>>> print(open('final-v4.cif').read())   # mmCIF, C-alpha atoms
data_upload
#
loop_
_atom_site.label_atom_id
_atom_site.label_comp_id
_atom_site.auth_asym_id
_atom_site.auth_seq_id
_atom_site.Cartn_x
_atom_site.Cartn_y
_atom_site.Cartn_z
CA MET A 1 22.95 -28.77 -10.26
CA PRO A 2 20.96 -30.45 -7.50
CA PRO A 3 21.47 -34.20 -7.54
CA PRO A 4 17.82 -35.32 -7.26
CA GLU A 5 16.91 -34.48 -10.84
CA SER A 6 14.18 -35.96 -12.92
CA PRO A 7 15.17 -37.25 -16.38
CA ALA A 8 14.08 -34.03 -18.05
CA GLY A 9 16.71 -32.15 -16.01
CA ARG A 10 14.09 -30.43 -13.94
CA ARG A 11 13.85 -30.15 -10.20
CA PRO A 12 11.12 -32.40 -8.80
CA VAL A 13 8.00 -30.57 -7.65
CA PRO A 14 8.18 -31.70 -3.98
CA GLU A 15 11.69 -30.28 -3.84
CA SER A 16 10.51 -26.87 -5.06
CA LEU A 17 7.58 -26.99 -2.67
CA ARG A 18 9.97 -27.51 0.22
CA GLU A 19 12.04 -24.62 -1.06
CA TYR A 20 9.01 -22.33 -1.18
CA GLY A 21 8.10 -23.52 2.29
CA ARG A 22 11.52 -22.50 3.54
CA GLY A 23 11.07 -19.16 1.81
CA LEU A 24 7.69 -18.63 3.45
CA ALA A 25 9.09 -19.48 6.88
CA GLY A 26 12.05 -17.15 6.36
CA GLY A 27 9.85 -14.37 5.06
CA LEU A 28 7.62 -14.52 8.11
CA LEU A 29 10.46 -14.97 10.59
CA PHE A 30 12.32 -11.91 9.41
CA SER A 31 9.42 -9.58 8.72
CA LEU A 32 6.93 -10.34 11.47
CA PRO A 33 8.06 -7.45 13.69
CA LEU A 34 7.40 -5.09 10.78
CA LEU A 35 4.00 -6.56 10.06
CA TYR A 36 3.06 -5.79 13.66
CA THR A 37 4.39 -2.21 13.71
CA MET A 38 1.95 0.65 13.20
CA GLU A 39 4.54 3.15 11.99
CA VAL A 40 5.11 0.85 9.04
CA TRP A 41 1.42 0.73 8.17
CA TRP A 42 1.29 4.53 8.34
CA THR A 43 4.32 4.88 6.11
CA GLY A 44 2.40 2.80 3.59
CA PHE A 45 -0.11 5.59 2.99
CA ILE A 46 2.03 8.60 3.87
CA VAL A 47 4.88 8.25 1.38
CA HIS A 48 4.59 9.46 -2.20
CA PRO A 49 4.21 6.81 -4.93
CA TRP A 50 7.60 7.76 -6.41
CA THR A 51 9.31 7.02 -3.11
CA MET A 52 7.48 3.72 -3.07
CA ILE A 53 8.74 2.91 -6.57
CA ALA A 54 12.29 3.75 -5.49
CA TYR A 55 11.79 1.43 -2.50
CA LEU A 56 10.58 -1.34 -4.78
CA ALA A 57 13.52 -0.89 -7.14
CA THR A 58 16.05 -0.83 -4.27
CA THR A 59 14.60 -4.02 -2.84
CA PHE A 60 14.78 -5.69 -6.23
CA LEU A 61 18.46 -4.74 -6.54
CA LEU A 62 19.11 -6.12 -3.04
CA LEU A 63 17.34 -9.36 -3.98
CA LEU A 64 19.38 -9.64 -7.18
CA GLY A 65 22.58 -9.09 -5.21
CA TYR A 66 21.63 -11.47 -2.46
CA ASN A 67 20.48 -14.24 -4.80
CA HIS A 68 23.59 -13.83 -6.93
CA TYR A 69 26.10 -13.94 -4.09
CA ALA A 70 24.35 -16.02 -1.46
CA GLY A 71 21.65 -17.88 -3.36
CA MET A 72 21.41 -21.64 -3.38
CA ARG A 73 22.59 -22.09 -6.94
CA HIS A 74 25.97 -20.47 -7.28
CA GLU A 75 26.25 -21.20 -10.98
CA ALA A 76 22.97 -19.40 -11.75
CA THR A 77 22.97 -16.89 -14.59
CA TRP A 78 21.73 -13.34 -14.09
CA ALA A 79 18.49 -14.24 -15.90
CA GLU A 80 17.87 -17.08 -13.46
CA VAL A 81 18.71 -14.80 -10.55
CA ALA A 82 16.24 -12.22 -11.89
CA ILE A 83 13.51 -14.85 -12.23
CA GLU A 84 14.17 -16.00 -8.68
CA SER A 85 13.98 -12.41 -7.41
CA VAL A 86 10.64 -11.82 -9.15
CA GLU A 87 9.30 -15.04 -7.60
CA GLU A 88 10.40 -13.88 -4.15
CA MET A 89 8.80 -10.47 -4.61
CA GLY A 90 5.57 -12.14 -5.69
CA ILE A 91 5.61 -14.39 -2.63
CA GLY A 92 6.38 -11.34 -0.51
CA LEU A 93 3.37 -9.46 -1.89
CA ILE A 94 1.01 -12.40 -1.35
CA VAL A 95 2.25 -13.12 2.17
CA ALA A 96 2.16 -9.45 3.18
CA ALA A 97 -1.37 -9.04 1.82
CA GLY A 98 -2.55 -12.19 3.59
CA VAL A 99 -1.07 -11.30 6.96
CA LEU A 100 -2.21 -7.65 6.79
CA TYR A 101 -5.72 -8.86 5.99
CA LEU A 102 -5.69 -11.31 8.90
CA LEU A 103 -4.48 -8.55 11.20
CA GLY A 104 -7.28 -6.31 9.97
CA ARG A 105 -4.88 -3.70 8.59
CA ILE A 106 -6.39 -3.81 5.12
CA THR A 107 -10.10 -4.01 4.46
CA TRP A 108 -12.21 -3.87 1.35
CA GLU A 109 -13.57 -0.40 2.26
CA MET A 110 -10.13 1.17 2.07
CA PRO A 111 -9.08 3.07 -1.04
CA ALA A 112 -6.60 1.29 -3.34
CA THR A 113 -3.78 3.71 -2.52
CA GLU A 114 -3.88 2.76 1.14
CA ILE A 115 -4.13 -0.98 0.50
CA VAL A 116 -1.37 -1.07 -2.10
CA GLY A 117 0.87 1.20 0.00
CA LYS A 118 0.61 -0.97 3.09
CA ILE A 119 1.13 -4.20 1.17
CA VAL A 120 4.13 -2.95 -0.79
CA ILE A 121 5.91 -1.54 2.22
CA GLU A 122 5.54 -4.78 4.16
CA ALA A 123 6.09 -7.07 1.18
CA MET A 124 9.59 -5.88 0.48
CA THR A 125 10.98 -7.03 3.82
CA VAL A 126 9.03 -10.26 3.47
CA ALA A 127 10.66 -10.75 0.06
CA ILE A 128 14.16 -10.33 1.49
CA GLY A 129 13.20 -12.73 4.28
CA VAL A 130 11.95 -15.23 1.68
CA SER A 131 15.24 -14.96 -0.15
CA VAL A 132 17.30 -15.46 3.00
CA GLY A 133 15.03 -18.26 4.18
CA THR A 134 15.28 -20.14 0.88
CA ALA A 135 19.05 -19.94 0.86
CA GLN A 136 19.83 -20.35 4.55
CA LEU A 137 17.15 -22.38 6.28
CA GLY A 138 17.84 -25.49 4.19
CA GLY A 139 21.02 -26.67 5.79
CA SER A 140 20.88 -30.45 5.67
CA GLY A 141 20.25 -30.83 1.94
CA ASP A 142 23.07 -32.36 -0.10
CA GLU A 143 22.92 -29.68 -2.74
CA ASP A 144 23.43 -27.01 -0.14
CA GLU A 145 26.53 -28.62 1.24
CA GLN A 146 27.92 -29.10 -2.21
CA ALA A 147 27.23 -25.58 -3.28
CA LYS A 148 28.96 -24.18 -0.24
CA GLN A 149 31.94 -26.47 -0.47
CA ASP A 150 32.41 -25.90 -4.14
CA SER A 151 33.63 -22.36 -4.07
CA PRO A 152 36.28 -22.60 -1.34
CA SER A 153 37.81 -25.71 -2.87
CA ASP A 154 37.86 -23.99 -6.23
CA ASP A 155 39.72 -21.12 -4.69
CA ALA A 156 42.18 -23.46 -3.05
CA ASP A 157 42.85 -25.21 -6.35
CA GLN A 158 43.41 -21.90 -8.01
CA ASP A 159 45.73 -20.75 -5.29
CA SER A 160 47.96 -23.80 -5.44
CA GLY A 161 48.01 -23.65 -9.21
CA ASN A 162 48.80 -19.97 -9.22
CA ALA A 163 51.65 -20.15 -6.78
CA SER A 164 54.19 -20.90 -9.47
CA SER A 165 52.60 -19.15 -12.43
CA SER A 166 52.63 -15.74 -14.06
CA SER A 167 51.22 -12.31 -13.19
CA ASN A 168 48.25 -13.18 -15.34
CA ALA A 169 47.17 -15.67 -12.71
CA ASP A 170 47.79 -13.09 -10.01
CA GLN A 171 45.38 -10.83 -11.77
CA ASP A 172 42.81 -13.61 -11.85
CA ASP A 173 43.32 -14.07 -8.17
CA LEU A 174 42.87 -10.36 -7.58
CA ALA A 175 39.70 -10.37 -9.69
CA ALA A 176 38.36 -13.31 -7.67
CA GLN A 177 39.17 -11.49 -4.45
CA ARG A 178 37.39 -8.37 -5.68
CA GLN A 179 34.41 -10.48 -6.68
CA ALA A 180 34.32 -12.09 -3.25
CA LEU A 181 34.58 -8.71 -1.55
CA ARG A 182 31.77 -7.30 -3.68
CA GLY A 183 29.64 -10.27 -2.66
CA GLU A 184 30.39 -9.71 0.99
CA LEU A 185 29.48 -6.04 0.72
CA VAL A 186 26.14 -6.81 -0.92
CA ILE A 187 25.33 -9.43 1.70
CA ALA A 188 26.41 -7.12 4.51
CA PHE A 189 24.08 -4.45 3.13
CA CYS A 190 21.20 -6.96 2.94
CA GLY A 191 21.86 -8.06 6.50
CA ALA A 192 21.96 -4.46 7.69
CA VAL A 193 18.64 -3.68 6.01
CA LEU A 194 17.00 -6.87 7.26
CA PHE A 195 17.93 -6.22 10.89
CA GLY A 196 17.77 -2.45 10.84
CA SER A 197 14.37 -2.23 9.18
CA ASN A 198 12.78 -3.88 12.20
CA VAL A 199 13.38 -0.77 14.28
CA ALA A 200 14.00 1.91 11.63
CA PRO A 201 10.35 3.01 11.28
CA THR A 202 9.69 3.30 15.02
CA GLU A 203 9.41 6.54 16.96
CA GLU A 204 11.95 5.18 19.42
CA ILE A 205 14.92 5.88 17.15
CA LEU A 206 14.08 9.57 17.07
CA GLN A 207 13.51 9.65 20.81
CA ILE A 208 16.82 7.96 21.60
CA ALA A 209 18.67 10.20 19.14
CA ASP A 210 17.03 13.29 20.54
CA GLU A 211 17.93 12.53 24.14
CA ALA A 212 21.40 11.06 23.66
CA SER A 213 24.45 13.13 24.45
CA ALA A 214 27.36 13.24 22.00
CA ALA A 215 29.48 11.14 24.38
CA LYS A 216 26.80 8.46 24.55
CA LEU A 217 26.47 8.38 20.78
CA LEU A 218 30.22 7.99 20.46
CA ALA A 219 30.14 5.18 23.01
CA LEU A 220 27.27 3.55 21.12
CA ALA A 221 29.25 3.71 17.88
CA ALA A 222 32.28 2.18 19.62
CA PHE A 223 30.09 -0.54 21.13
CA SER A 224 28.55 -1.25 17.69
CA ILE A 225 31.99 -1.66 16.11
CA ALA A 226 33.19 -3.84 18.99
CA THR A 227 30.15 -6.11 18.68
CA ALA A 228 30.70 -6.38 14.93
CA GLY A 229 34.31 -7.35 15.60
CA LEU A 230 33.17 -9.96 18.06
CA ILE A 231 30.79 -11.52 15.55
CA LEU A 232 33.18 -11.31 12.63
CA PHE A 233 36.40 -12.52 14.23
CA TYR A 234 36.28 -13.83 17.77
CA ILE A 235 33.33 -15.86 18.93
CA GLU A 236 33.33 -18.42 16.11
CA PHE A 237 29.81 -17.44 15.23
CA LEU A 238 28.52 -19.72 12.46
CA LYS A 239 31.26 -19.71 9.84
CA ALA A 240 33.39 -16.91 11.24
CA ASP A 241 37.09 -16.87 10.44
CA PRO A 242 39.16 -17.69 13.47
CA PRO A 243 41.73 -14.99 14.16
CA SER A 244 44.92 -16.09 12.46
CA PRO A 245 48.43 -14.62 12.64
CA GLU A 246 48.74 -14.06 8.87
CA ARG A 247 45.54 -12.06 9.00
CA GLY A 248 46.93 -8.78 10.20
CA THR A 249 45.29 -6.34 12.56
CA TRP A 250 45.12 -3.91 9.69
CA VAL A 251 42.95 -6.29 7.65
CA MET A 252 40.56 -6.73 10.56
CA VAL A 253 40.35 -2.99 11.14
CA ARG A 254 39.61 -2.48 7.47
CA HIS A 255 36.88 -5.12 7.48
CA LEU A 256 35.31 -3.61 10.56
CA GLY A 257 35.46 -0.15 9.03
CA ILE A 258 33.77 -1.31 5.84
CA THR A 259 31.10 -3.21 7.76
CA TYR A 260 30.29 -0.21 9.96
CA ALA A 261 30.26 2.10 6.96
CA ILE A 262 27.75 -0.19 5.26
CA ALA A 263 25.63 -0.22 8.40
CA LEU A 264 25.66 3.59 8.50
CA ALA A 265 24.74 3.86 4.82
CA ALA A 266 21.92 1.33 5.14
CA SER A 267 20.65 3.12 8.26
CA ALA A 268 20.63 6.51 6.56
CA LEU A 269 18.78 5.05 3.57
CA MET A 270 16.11 3.43 5.74
CA LEU A 271 15.64 6.55 7.86
CA TRP A 272 15.29 8.65 4.73
CA PHE A 273 12.69 6.26 3.41
CA PHE A 274 10.70 6.31 6.64
CA GLN A 275 10.86 10.11 6.46
CA ARG A 276 12.86 10.47 9.65
CA PHE A 277 15.08 13.14 8.08
CA ASP A 278 12.21 15.45 7.20
CA GLY A 279 12.60 18.73 8.99
CA VAL A 280 15.22 17.63 11.51
CA SER A 281 18.58 19.27 12.14
CA PRO A 282 21.69 17.59 10.68
CA GLY A 283 22.82 16.76 14.20
CA ILE A 284 19.66 14.80 14.95
CA ALA A 285 19.81 13.13 11.54
CA ILE A 286 23.35 11.90 12.26
CA ALA A 287 22.40 10.87 15.79
CA GLN A 288 19.50 8.80 14.43
CA THR A 289 21.81 7.16 11.91
CA VAL A 290 24.25 6.17 14.67
CA VAL A 291 21.43 4.84 16.84
CA LEU A 292 20.05 2.72 14.00
CA ALA A 293 23.53 1.62 12.89
CA PHE A 294 23.80 -0.55 16.00
CA PRO A 295 21.15 -3.10 14.97
CA ALA A 296 22.22 -2.62 11.36
CA VAL A 297 25.85 -3.50 12.03
CA LEU A 298 24.76 -6.66 13.83
CA GLY A 299 22.88 -7.67 10.70
CA ALA A 300 25.74 -6.63 8.45
CA SER A 301 28.37 -8.65 10.30
CA ALA A 302 26.13 -11.69 10.69
CA GLY A 303 25.19 -11.37 7.03
CA ARG A 304 28.83 -11.31 5.90
CA LEU A 305 29.39 -14.66 7.54
CA LEU A 306 26.53 -16.32 5.72
CA ILE A 307 28.36 -16.58 2.42
CA ARG A 308 31.78 -17.53 3.68
CA MET B 309 19.91 -20.21 -21.04
CA THR B 310 19.53 -23.72 -19.71
CA THR B 311 16.61 -23.97 -17.40
CA HIS B 312 15.72 -26.53 -14.78
CA LYS B 313 12.44 -25.09 -13.67
CA ASN B 314 9.40 -27.29 -13.32
CA TRP B 315 5.81 -26.25 -13.99
CA LEU B 316 5.26 -25.17 -10.37
CA GLU B 317 8.23 -22.82 -10.44
CA TRP B 318 7.09 -21.32 -13.72
CA CYS B 319 3.62 -20.78 -12.23
CA VAL B 320 5.06 -19.05 -9.19
CA PHE B 321 7.21 -16.93 -11.46
CA ALA B 322 4.24 -16.02 -13.65
CA VAL B 323 2.13 -15.02 -10.65
CA GLY B 324 5.07 -13.10 -9.19
CA LEU B 325 5.66 -11.26 -12.45
CA VAL B 326 2.00 -10.30 -12.76
CA LEU B 327 1.90 -9.08 -9.15
CA VAL B 328 5.15 -7.12 -9.37
CA CYS B 329 4.28 -5.54 -12.73
CA GLY B 330 0.74 -4.82 -11.57
CA THR B 331 1.97 -3.16 -8.38
CA LEU B 332 4.58 -1.16 -10.26
CA GLY B 333 2.02 -0.15 -12.87
CA TYR B 334 -0.43 0.98 -10.22
CA LEU B 335 2.23 2.99 -8.37
CA VAL B 336 3.31 4.73 -11.58
CA TYR B 337 -0.33 5.48 -12.45
CA ASP B 338 -0.88 6.76 -8.92
CA ALA B 339 2.25 8.91 -9.06
CA PHE B 340 1.12 10.58 -12.29
CA THR B 341 -2.52 11.07 -11.36
CA GLN B 342 -1.97 12.24 -7.81
CA GLU B 343 -2.40 15.99 -7.66
CA PRO B 344 -0.04 17.96 -5.44
CA LEU B 345 -2.82 19.06 -3.12
CA PRO B 346 -2.75 19.54 0.64
CA PRO B 347 -5.06 17.36 2.73
CA LEU B 348 -8.66 18.52 2.15
CA LEU B 349 -11.08 17.29 4.78
CA GLN B 350 -14.81 17.03 4.55
CA VAL B 351 -16.92 16.25 7.60
CA THR B 352 -20.28 14.57 7.06
CA LEU B 353 -22.79 14.08 9.88
CA ALA B 354 -25.22 11.18 9.85
CA GLU B 355 -28.62 10.81 11.50
CA PRO B 356 -28.43 11.19 15.33
CA TYR B 357 -29.78 8.50 17.63
CA GLN B 358 -30.46 8.34 21.34
CA HIS B 359 -28.46 6.15 23.70
CA LEU B 360 -28.50 6.17 27.54
CA GLY B 361 -29.85 9.66 27.72
CA HIS B 362 -27.39 11.11 25.18
CA TYR B 363 -27.72 11.87 21.54
CA VAL B 364 -25.06 10.22 19.40
CA VAL B 365 -24.09 11.65 16.02
CA PRO B 366 -22.01 9.44 13.67
CA VAL B 367 -19.32 11.44 11.86
CA THR B 368 -17.54 10.55 8.61
CA VAL B 369 -14.35 12.37 7.67
CA HIS B 370 -13.23 12.16 4.06
CA ASN B 371 -9.91 13.43 2.75
CA HIS B 372 -10.22 14.69 -0.85
CA GLY B 373 -6.68 16.02 -0.93
CA GLY B 374 -3.35 14.65 -2.07
CA GLY B 375 -1.71 14.04 1.29
CA THR B 376 -2.36 12.41 4.61
CA ALA B 377 -3.75 14.52 7.45
CA GLN B 378 -2.46 13.66 10.89
CA GLN B 379 -3.75 14.43 14.41
CA VAL B 380 -7.04 15.62 12.99
CA LEU B 381 -9.26 17.37 15.53
CA ILE B 382 -12.93 17.15 14.59
CA ARG B 383 -15.35 19.49 16.35
CA VAL B 384 -19.13 19.34 16.00
CA THR B 385 -21.29 22.20 17.25
CA LEU B 386 -24.96 22.00 18.15
CA ARG B 387 -26.97 25.23 18.34
CA VAL B 388 -30.26 25.01 20.22
CA ASP B 389 -32.20 28.18 21.10
CA GLY B 390 -29.13 30.36 20.70
CA GLU B 391 -27.03 28.17 22.99
CA GLU B 392 -24.00 26.25 21.78
CA GLU B 393 -22.86 22.79 22.76
CA THR B 394 -19.66 21.38 21.26
CA ALA B 395 -18.22 17.89 21.10
CA GLU B 396 -14.92 16.77 19.59
CA PHE B 397 -12.65 13.82 18.92
CA GLU B 398 -9.24 13.27 17.36
CA LEU B 399 -8.24 11.02 14.49
CA PRO B 400 -4.59 9.90 14.31
CA HIS B 401 -4.59 9.70 10.50
CA VAL B 402 -6.83 10.38 7.56
CA PRO B 403 -4.98 9.14 4.44
CA ARG B 404 -5.71 10.74 1.08
CA GLN B 405 -8.91 9.57 -0.60
CA SER B 406 -9.88 7.77 2.60
CA ASP B 407 -12.78 7.75 5.04
CA ARG B 408 -12.48 7.63 8.82
CA HIS B 409 -15.42 7.24 11.15
CA GLY B 410 -16.13 8.60 14.60
CA PHE B 411 -18.94 9.69 16.92
CA VAL B 412 -19.85 12.74 18.99
CA THR B 413 -22.46 12.92 21.73
CA PHE B 414 -24.73 15.74 22.96
CA ASP B 415 -26.96 16.30 25.97
CA ARG B 416 -29.59 18.13 23.96
CA ASP B 417 -31.59 16.71 21.11
CA PRO B 418 -29.95 17.67 17.79
CA ALA B 419 -33.38 17.45 16.18
CA GLN B 420 -34.33 20.65 18.07
CA GLY B 421 -31.40 22.64 16.73
CA GLU B 422 -28.72 22.93 14.11
CA LEU B 423 -25.58 20.77 13.77
CA SER B 424 -22.34 21.76 12.07
CA GLY B 425 -19.01 20.03 12.01
CA ARG B 426 -15.54 20.64 10.67
CA ALA B 427 -11.89 19.69 11.11
CA VAL B 428 -10.57 22.51 13.25
CA GLY B 429 -6.93 21.53 12.98
CA TYR B 430 -4.58 18.88 11.59
CA GLU B 431 -0.96 18.41 10.71
CA ARG B 432 0.98 16.97 7.83
CA PRO B 433 3.23 14.02 8.57
#
>>> encode(input="final-v4.cif", output="structure tokens")
Amino acid sequence: MPPPESPAGRRPVPESLREYGRGLAGGLLFSLPLLYTMEVWWTGFIVHPWTMIAYLATTFLLLLGYNHYAGMRHEATWAEVAIESVEEMGIGLIVAAGVLYLLGRITWEMPATEIVGKIVIEAMTVAIGVSVGTAQLGGSGDEDEQAKQDSPSDDADQDSGNASSSSNADQDDLAAQRQALRGELVIAFCGAVLFGSNVAPTEEILQIADEASAAKLLALAAFSIATAGLILFYIEFLKADPPSPERGTWVMVRHLGITYAIALAASALMLWFFQRFDGVSPGIAIAQTVVLAFPAVLGASAGRLLIR
Amino acid sequence: MTTHKNWLEWCVFAVGLVLVCGTLGYLVYDAFTQEPLPPLLQVTLAEPYQHLGHYVVPVTVHNHGGGTAQQVLIRVTLRVDGEEETAEFELPHVPRQSDRHGFVTFDRDPAQGELSGRAVGYERP
């Protein structure tokens, strides 16, 4: 629990206001490129409502995952995480509507389908940005520090306690590892979507994919993986693990593989949503996925570091 | 469930819930009521007016269909004394159930003849 509590056990209002402020800043920071991209506005009225609902549901799942694994309050229950996610979606919708109105992209003369479509499509990225902003832009707060230090020290305690104990404890350890891995995967996916969605809807992806030779695509994929490796293991980016001897090459290769796979999956999903796979040959579809996976893998590897 | 939310957070949650449910509800309603129709375009011509020696005709394009029309080419023809004069413009998008506005200009006075307009071609996204 955050230390500055009022007697009733509730967070003080100024504290929550600051938190919403951080969310607003994060939402705008991460989604502004999308709010200024015309392909995104068009997608808002082109896609079928069912696709839009699927998009909404996917975003909600991402928010749940992100808030559960990387949110500010690690001890939060699923109900609390769900409430937080609904709040973030609401903020996303309001912010998207406000900015689109200011930019003149929605007007009162437009039919509801067009207005709602544009708002929803923009609001979802804003919502993820709000979530990331709330959790990550804080930094200096005591509660943040505590929350982040809590889990590693817990692990360390467990490890030292387990060293001499039974296979039961080993299983616990394994379960904890699995849990941590699942968290990293969810965060990596969120990071991939957050970064990738900035360019996914643009015509440029198709153009690059169309003109690139197979050799160039292969080189781009290799470059993407190398950059991910750089961020994850070598340049001490944020909270990156320094390369250590006990951490074998095999482990690093596996991590890189998983991260790139997540980036590819997130890219394919985004391209499908922005209808970039409609009526194109499988070769072009794969080429587009590889092209988009470059920004996506940057987001995925940076994202994975945020919860370490 | 132990909760530590203050009134402000509950308000934000309530507003968020209403917005999310409202949006979802609207999308579901839209999904069920939307007919699987192609884009259907209707071109309406308004009253011409004179400007710098030309005659300007405001054009409204409405899409009655179930899908967006893209790269819509609008052509308006003026027939005066058996002679034809055409003018055209292109609209990047006309979303379903939406209006888009444009203008065409003519050298001759449309009041002397007969105007007709239609969307001569468009694509689906």
>>> closest_residue(input="final-v4.cif", among="A:Pro49, A:Val13, A:Glu211, A:Pro111", to="Arg408 in chain B", atoms="all atoms listed in the file")
A:Pro111
>>> closest_residue(input="final-v4.cif", among="B:Arg426, B:His409, B:Arg432, B:His359", to="Gln378 in chain B", atoms="only C-alpha atoms")
B:Arg432
>>> closest_residue(input="final-v4.cif", among="B:Thr385, B:Val367, B:Gln405, B:Thr394", to="chain A", atoms="only C-alpha atoms")
B:Gln405
>>> atom_distance(input="final-v4.cif", atom1="CA of Thr134 in chain A", atom2="CA of Arg22 in chain A")
5.2 Å
>>> atom_distance(input="final-v4.cif", atom1="CA of Arg182 in chain A", atom2="CA of Arg304 in chain A")
10.8 Å
>>> residues_around(input="final-v4.cif", residues="Val384 in chain B", least_positions_apart="6", cutoff="8 Å", atoms="all atoms listed in the file", output="VMD selection string")
chain B and resid 394 to 396 412 423 to 426
>>> closest_atom_pairs(input="final-v4.cif", of="chain B", to="chain A", cutoff="12 Å", atoms="all atoms listed in the file", output="Markdown table")
| residue | atom | partner | partner_atom | distance |
| --- | --- | --- | --- | --- |
| B:Met309 | CA | A:Thr77 | CA | 7.9 |
| B:Thr310 | CA | A:Thr77 | CA | 9.2 |
| B:Thr311 | CA | A:Arg10 | CA | 7.7 |
| B:His312 | CA | A:Arg10 | CA | 4.3 |
| B:Lys313 | CA | A:Arg10 | CA | 5.6 |
| B:Asn314 | CA | A:Arg10 | CA | 5.7 |
| B:Trp315 | CA | A:Val13 | CA | 8.0 |
| B:Leu316 | CA | A:Val13 | CA | 6.6 |
| B:Glu317 | CA | A:Ser16 | CA | 7.1 |
| B:Trp318 | CA | A:Glu87 | CA | 9.0 |
| B:Cys319 | CA | A:Glu87 | CA | 9.3 |
| B:Val320 | CA | A:Glu87 | CA | 6.0 |
| B:Phe321 | CA | A:Glu87 | CA | 4.8 |
| B:Ala322 | CA | A:Glu87 | CA | 7.9 |
| B:Val323 | CA | A:Gly90 | CA | 6.7 |
| B:Gly324 | CA | A:Gly90 | CA | 3.7 |
| B:Leu325 | CA | A:Val86 | CA | 6.0 |
| B:Val326 | CA | A:Gly90 | CA | 8.1 |
| B:Leu327 | CA | A:Gly90 | CA | 5.9 |
| B:Val328 | CA | A:Gly90 | CA | 6.2 |
| B:Cys329 | CA | A:Val86 | CA | 9.6 |
| B:Gly330 | CA | A:Val116 | CA | 10.4 |
| B:Thr331 | CA | A:Val116 | CA | 7.4 |
| B:Leu332 | CA | A:Ile53 | CA | 6.9 |
| B:Gly333 | CA | A:Ile53 | CA | 9.7 |
| B:Tyr334 | CA | A:Val116 | CA | 8.4 |
| B:Leu335 | CA | A:Pro49 | CA | 5.5 |
| B:Val336 | CA | A:Pro49 | CA | 7.0 |
| B:Tyr337 | CA | A:Pro49 | CA | 8.9 |
| B:Asp338 | CA | A:Pro49 | CA | 6.5 |
| B:Ala339 | CA | A:Pro49 | CA | 5.0 |
| B:Phe340 | CA | A:Pro49 | CA | 8.8 |
| B:Thr341 | CA | A:Pro49 | CA | 10.2 |
| B:Gln342 | CA | A:Pro49 | CA | 8.7 |
| B:Glu343 | CA | A:His48 | CA | 11.0 |
| B:Pro344 | CA | A:His48 | CA | 10.2 |
| B:Pro347 | CA | A:Ile46 | CA | 11.3 |
| B:His370 | CA | A:Pro111 | CA | 11.2 |
| B:Asn371 | CA | A:Pro111 | CA | 11.1 |
| B:His372 | CA | A:Pro111 | CA | 11.7 |
| B:Gly374 | CA | A:His48 | CA | 9.5 |
| B:Gly375 | CA | A:Ile46 | CA | 7.1 |
| B:Thr376 | CA | A:Ile46 | CA | 5.9 |
| B:Ala377 | CA | A:Ile46 | CA | 9.0 |
| B:Gln378 | CA | A:Ile46 | CA | 9.7 |
| B:Pro400 | CA | A:Trp42 | CA | 10.0 |
| B:His401 | CA | A:Trp42 | CA | 8.1 |
| B:Val402 | CA | A:Phe45 | CA | 9.4 |
| B:Pro403 | CA | A:Phe45 | CA | 6.2 |
| B:Arg404 | CA | A:Phe45 | CA | 7.8 |
| B:Gln405 | CA | A:Pro111 | CA | 6.5 |
| B:Ser406 | CA | A:Pro111 | CA | 6.0 |
| B:Asp407 | CA | A:Met110 | CA | 7.7 |
| B:Arg408 | CA | A:Met110 | CA | 9.6 |
| B:His409 | CA | A:Glu109 | CA | 11.9 |
| B:Arg432 | CA | A:Ile46 | CA | 9.3 |
| B:Pro433 | CA | A:Ile46 | CA | 7.3 |
>>> closest_residue(input="final-v4.cif", among="A:Ala188, A:Val193, A:Leu232, A:Val81", to="Leu269 in chain A", atoms="all atoms listed in the file")
A:Val193
>>> atom_distance(input="final-v4.cif", atom1="CA of Phe233 in chain A", atom2="CA of Met252 in chain A")
8.0 Å
>>> resolve_selection(input="final-v4.cif", expression="the PyMOL selection byres ((chain A and resi 199) around 12)", output="PyMOL selection string")
chain A and resi 31-40+192-198+200-206+208+267+270-271+274+288-289+291-296
>>> resolve_selection(input="final-v4.cif", expression="the PyMOL selection byres ((chain B and resi 353) around 7)", output="list in words")
Val351, Thr352, Ala354, Glu355, Val365, Pro366, Val367 and Thr368 of chain B
>>> residues_around(input="final-v4.cif", residues="Leu28 in chain A", least_positions_apart="5", cutoff="8 Å", atoms="only C-alpha atoms", output="tab-separated table (two decimals) with C-alpha atoms, in the frame of the given file")
chain	number	residue	atom	x	y	z
A	126	VAL	CA	9.03	-10.26	3.47
A	129	GLY	CA	13.20	-12.73	4.28
A	130	VAL	CA	11.95	-15.23	1.68
>>> resolve_selection(input="final-v4.cif", expression="the PyMOL selection byres ((chain B and resi 413) around 6)", output="ChimeraX atom specification")
/B:363-364,412,414
>>> axis_aligned_box(input="final-v4.cif", around="range 183-189 of chain A", padding_each_side="8 Å", output="JSON")
{"center_x": 27.2, "center_y": -7.4, "center_z": 0.9, "size_x": 22.3, "size_y": 21.8, "size_z": 23.2}
